[in-house]
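Visitor: So here's structure_34.cif, just mmCIF, C-alpha atoms:
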```
data_final
loop_
_atom_site.label_atom_id
_atom_site.label_comp_id
_atom_site.auth_asym_id
_atom_site.auth_seq_id
_atom_site.Cartn_x
_atom_site.Cartn_y
_atom_site.Cartn_z
CA MET A 21 9.33 3.57 -4.74
CA TRP A 22 8.37 3.49 -1.10
CA GLY A 23 9.80 4.89 2.07
CA HIS A 24 9.53 5.21 5.80
CA LEU A 25 7.61 8.36 6.54
CA PRO A 26 9.40 10.15 9.35
CA CYS A 27 7.95 13.24 10.91
CA PRO A 28 9.85 16.31 9.69
CA LYS A 29 13.02 16.60 11.78
CA GLY A 30 14.38 20.06 12.37
CA TYR A 31 10.92 21.54 11.87
CA ARG A 32 9.85 21.45 15.50
CA GLY A 33 6.86 23.77 15.01
CA VAL A 34 5.74 21.93 11.87
CA ARG A 35 6.16 18.58 13.62
CA GLU A 36 4.08 19.73 16.58
CA LEU A 37 1.43 21.10 14.21
CA ALA A 38 1.39 17.88 12.14
CA GLU A 39 0.72 15.84 15.27
CA GLN A 40 -2.51 17.81 15.81
CA LEU A 41 -3.82 17.58 12.24
CA TRP A 42 -6.27 15.20 10.59
CA ALA A 43 -6.62 14.58 6.88
CA GLU A 44 -9.25 13.19 4.57
CA HIS A 45 -8.17 10.16 2.56
CA ALA A 46 -10.21 9.03 -0.41
CA PHE A 47 -9.50 6.26 -2.88
CA PHE A 48 -7.89 7.78 -6.02
CA ALA A 49 -8.00 11.32 -4.52
CA GLY A 50 -4.61 12.28 -5.89
CA CYS A 51 -4.79 10.34 -9.14
CA GLN A 52 -5.60 11.99 -12.42
CA MET A 53 -8.42 9.78 -13.58
CA LEU A 54 -9.75 10.55 -17.06
CA GLN A 55 -13.35 9.98 -18.10
CA HIS A 56 -12.32 9.32 -21.71
CA ASP A 57 -9.98 6.45 -20.69
CA SER A 58 -12.00 3.23 -20.42
CA ALA A 59 -9.92 1.75 -17.58
CA ASP A 60 -10.09 5.01 -15.61
CA ARG A 61 -13.81 5.33 -16.31
CA ASN A 62 -14.45 1.85 -14.90
CA ASP A 63 -12.44 2.66 -11.77
CA LEU A 64 -14.24 6.01 -11.37
CA GLU A 65 -17.64 4.34 -11.70
CA LEU A 66 -16.71 1.70 -9.12
CA ASN A 67 -15.35 4.40 -6.81
CA ASN A 68 -18.54 6.46 -7.19
CA GLU A 69 -20.70 3.41 -6.44
CA HIS A 70 -18.59 2.34 -3.46
CA PRO A 71 -16.64 5.35 -2.17
CA LEU A 72 -13.96 4.80 0.44
CA VAL A 73 -13.37 7.94 2.51
CA ALA A 74 -11.77 8.15 5.94
CA GLU A 75 -10.34 10.72 8.30
CA HIS A 76 -6.86 9.78 9.51
CA PRO A 77 -4.33 11.47 11.76
CA VAL A 78 -1.58 13.19 9.73
CA VAL A 79 0.88 11.57 12.15
CA ARG A 80 0.20 8.03 13.26
CA VAL A 81 1.85 5.99 15.98
CA HIS A 82 3.11 2.56 14.96
CA PRO A 83 1.29 0.06 17.21
CA GLU A 84 4.34 -2.14 17.76
CA THR A 85 7.29 0.26 17.79
CA GLY A 86 5.63 3.45 19.03
CA VAL A 87 7.44 5.37 16.27
CA LYS A 88 5.56 8.39 14.95
CA SER A 89 5.41 8.80 11.19
CA LEU A 90 3.64 10.92 8.63
CA PHE A 91 0.49 9.19 7.43
CA VAL A 92 -0.13 10.99 4.16
CA ASN A 93 0.09 9.81 0.57
CA PRO A 94 -0.12 11.84 -2.66
CA ALA A 95 -2.41 9.20 -4.19
CA SER A 96 -5.04 9.25 -1.45
CA THR A 97 -4.74 12.23 0.89
CA SER A 98 -7.17 14.83 -0.42
CA ARG A 99 -7.03 17.59 2.19
CA ILE A 100 -6.18 18.56 5.73
CA LEU A 101 -9.33 19.06 7.78
CA GLY A 102 -10.03 22.47 9.25
CA LEU A 103 -7.79 24.39 6.85
CA ASN A 104 -8.70 26.37 3.77
CA PRO A 105 -7.68 24.80 0.44
CA ALA A 106 -4.51 26.91 0.03
CA GLN A 107 -3.28 26.14 3.55
CA SER A 108 -4.10 22.46 3.14
CA ARG A 109 -2.26 22.22 -0.19
CA ALA A 110 0.82 24.04 1.18
CA LEU A 111 1.14 21.67 4.16
CA LEU A 112 0.42 18.57 2.11
CA ASP A 113 3.09 19.62 -0.41
CA LEU A 114 5.57 20.01 2.47
CA PHE A 115 4.66 16.57 3.87
CA PHE A 116 4.77 14.91 0.43
CA GLU A 117 8.20 16.45 -0.17
CA GLN A 118 9.36 15.02 3.16
CA ILE A 119 8.24 11.46 2.42
CA MET A 120 9.95 11.51 -0.98
CA ARG A 121 13.37 12.61 0.28
CA PRO A 122 16.02 10.15 -0.96
CA GLU A 123 17.13 9.15 2.53
CA PHE A 124 13.63 7.87 3.27
CA THR A 125 12.95 6.02 0.01
CA VAL A 126 13.67 2.69 -1.60
CA CYS A 127 13.48 2.25 -5.35
CA TRP A 128 13.18 -1.42 -6.26
CA ARG A 129 14.45 -2.72 -9.59
CA TRP A 130 12.24 -5.70 -10.23
CA THR A 131 13.62 -8.99 -11.49
CA PRO A 132 11.67 -12.19 -12.15
CA GLY A 133 10.71 -13.96 -8.95
CA ASP A 134 11.12 -10.94 -6.66
CA VAL A 135 8.94 -10.75 -3.57
CA VAL A 136 8.91 -7.51 -1.60
CA LEU A 137 7.21 -6.91 1.73
CA SER A 138 6.59 -3.55 3.33
CA ASP A 139 4.81 -2.33 6.42
CA ASN A 140 1.97 -0.13 5.16
CA ARG A 141 1.60 1.44 8.58
CA SER A 142 4.65 3.59 7.82
CA THR A 143 5.03 3.33 4.05
CA ALA A 144 3.76 5.22 1.02
CA HIS A 145 3.82 3.44 -2.32
CA LEU A 146 4.53 5.57 -5.35
CA SER A 147 5.21 4.55 -8.90
CA ALA A 148 8.56 5.68 -10.25
CA ASP A 149 8.47 7.97 -13.28
CA ASP A 150 10.46 5.43 -15.29
CA ALA A 151 8.03 2.53 -14.77
CA GLY A 152 7.41 0.84 -18.09
CA VAL A 153 10.10 2.78 -19.97
CA ALA A 154 11.70 -0.43 -21.22
CA ARG A 155 8.28 -1.58 -22.46
CA GLU A 156 8.64 -4.74 -20.43
CA GLN A 157 5.52 -6.37 -19.13
CA LEU A 158 5.32 -6.25 -15.37
CA THR A 159 2.72 -8.29 -13.53
CA LEU A 160 2.24 -7.25 -9.94
CA TYR A 161 0.18 -9.12 -7.38
CA ARG A 162 -0.53 -7.04 -4.33
CA VAL A 163 -1.53 -8.79 -1.15
CA MET A 164 -2.72 -6.78 1.80
CA ILE A 165 -2.78 -8.05 5.33
CA LEU A 166 -5.55 -6.66 7.49
CA GLY A 167 -4.04 -4.25 9.92
CA ASP A 168 -4.98 -2.08 12.80
CA THR A 169 -6.91 1.18 12.75
CA PRO A 170 -4.49 4.13 12.61
CA VAL A 171 -4.12 6.01 15.89
CA GLY A 172 -2.70 9.50 16.27
CA PRO A 173 -0.38 10.82 18.98
CA ASN A 174 -3.42 11.99 20.94
CA GLY A 175 -4.79 8.42 21.09
CA HIS A 176 -7.72 9.07 18.72
CA SER A 177 -8.41 6.49 16.00
CA SER A 178 -9.22 7.02 12.33
CA LEU A 179 -12.86 7.34 11.31
CA ALA A 180 -14.59 5.78 8.30
CA ILE A 181 -16.66 8.51 6.63
CA ALA A 182 -18.02 6.72 3.55
CA GLY A 183 -17.92 3.14 2.38
CA GLU A 184 -17.12 -0.07 4.13
CA PRO A 185 -13.57 -0.59 5.40
CA ILE A 186 -11.59 -3.21 3.51
CA ALA A 187 -12.20 -6.54 5.20
CA ALA A 188 -10.97 -10.09 4.87
CA LEU A 189 -12.62 -12.33 2.33
CA PRO A 190 -14.61 -15.25 3.71
CA ASP A 191 -12.55 -18.45 3.98
CA HIS A 192 -14.36 -20.13 1.09
CA ILE A 193 -13.48 -17.37 -1.40
CA GLY A 194 -10.09 -17.76 -3.00
CA SER A 195 -9.33 -21.06 -1.32
CA VAL A 196 -7.89 -23.89 -3.32
CA THR A 197 -9.69 -27.20 -3.10
CA GLY A 198 -8.35 -30.42 -4.45
#
```
Go through the file and emit its structure as structure tokens.

Guide:
Amino acid sequence: MWGHLPCPKGYRGVRELAEQLWAEHAFFAGCQMLQHDSADRNDLELNNEHPLVAEHPVVRVHPETGVKSLFVNPASTSRILGLNPAQSRALLDLFFEQIMRPEFTVCWRWTPGDVVLSDNRSTAHLSADDAGVAREQLTLYRVMILGDTPVGPNGHSSLAIAGEPIAALPDHIGSVTG
């Protein structure tokens, strides 16, 4: 499931507040990773060795369209900066509810050969609760295109706090030679 992340309409005060806020994003922040699960443990160890933490505007401006959208994601947004934990959680819950409203989401039913493209500058990817119910094997290859640095309505850009930003692989890695 993914969706365009509009700023809350009809919530003028909340919208104006959201445009002033910044949030901490950390890889796996919203995921329940379990130490006793070997796959989770490997991911946790890798994340601890190479943490990726950034401060992003809660509302970002799309660099091509100028459209403002919420830039939060339940899987990676850990907290809103400058608020106490209860305030942060309450606002994040409101924003997460907004991005998951049916009119802003797409739920894709995969069939062999499907290719789906989305603009991650205004999209949150969430796994549907019914994923894997049919016990079918699904192989997903995710390709990310390097993008711009998120910019908020005030013109300030995101900040890397820990870890190295994801970068392109050198040309010789992953190339096919024949």

Visitor: Using Å and a single decimal, report how far atom CA of A:Thr159 sits from atom CA of A:Ile119.

Guide: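 If I compute the distance from atom CA of A:Ile119 to atom CA of A:Thr159, I get 26.0 Å.
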
Visitor: Applying 12 Å and only C-alpha atoms, which residues near stretch 102-109 of chain A remain after dropping the ones on its own chain fewer than 4 positions away? List them as a ChimeraX atom specification.

Guide: /A:38,40-44,50,75,78,94,97-98,113-117

Visitor: So what do you get for atom CA of A:Leu37 versus atom CA of A:Val79, distance-wise?

Guide: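 Distance reported for this atom pair: 9.8 Å.
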
Visitor: Find the distance between atom CA of A:Asn140 and atom CA of A:Gly175 and write it in Å to one decimal.

Guide: 19.3 Å

Visitor: Using the chain letters and numbers from the file, give me the residues hit by the PyMOL selection byres ((chain A and resi 174) around 10), as a list of chain:residue names.

Guide: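 Selected by the PyMOL selection byres ((chain A and resi 174) around 10) here: A:Glu39, A:Gln40, A:Pro77, A:Val79, A:Arg80, A:Val81, A:Val171, A:Gly172, A:Pro173, A:Gly175, A:His176, A:Ser177.
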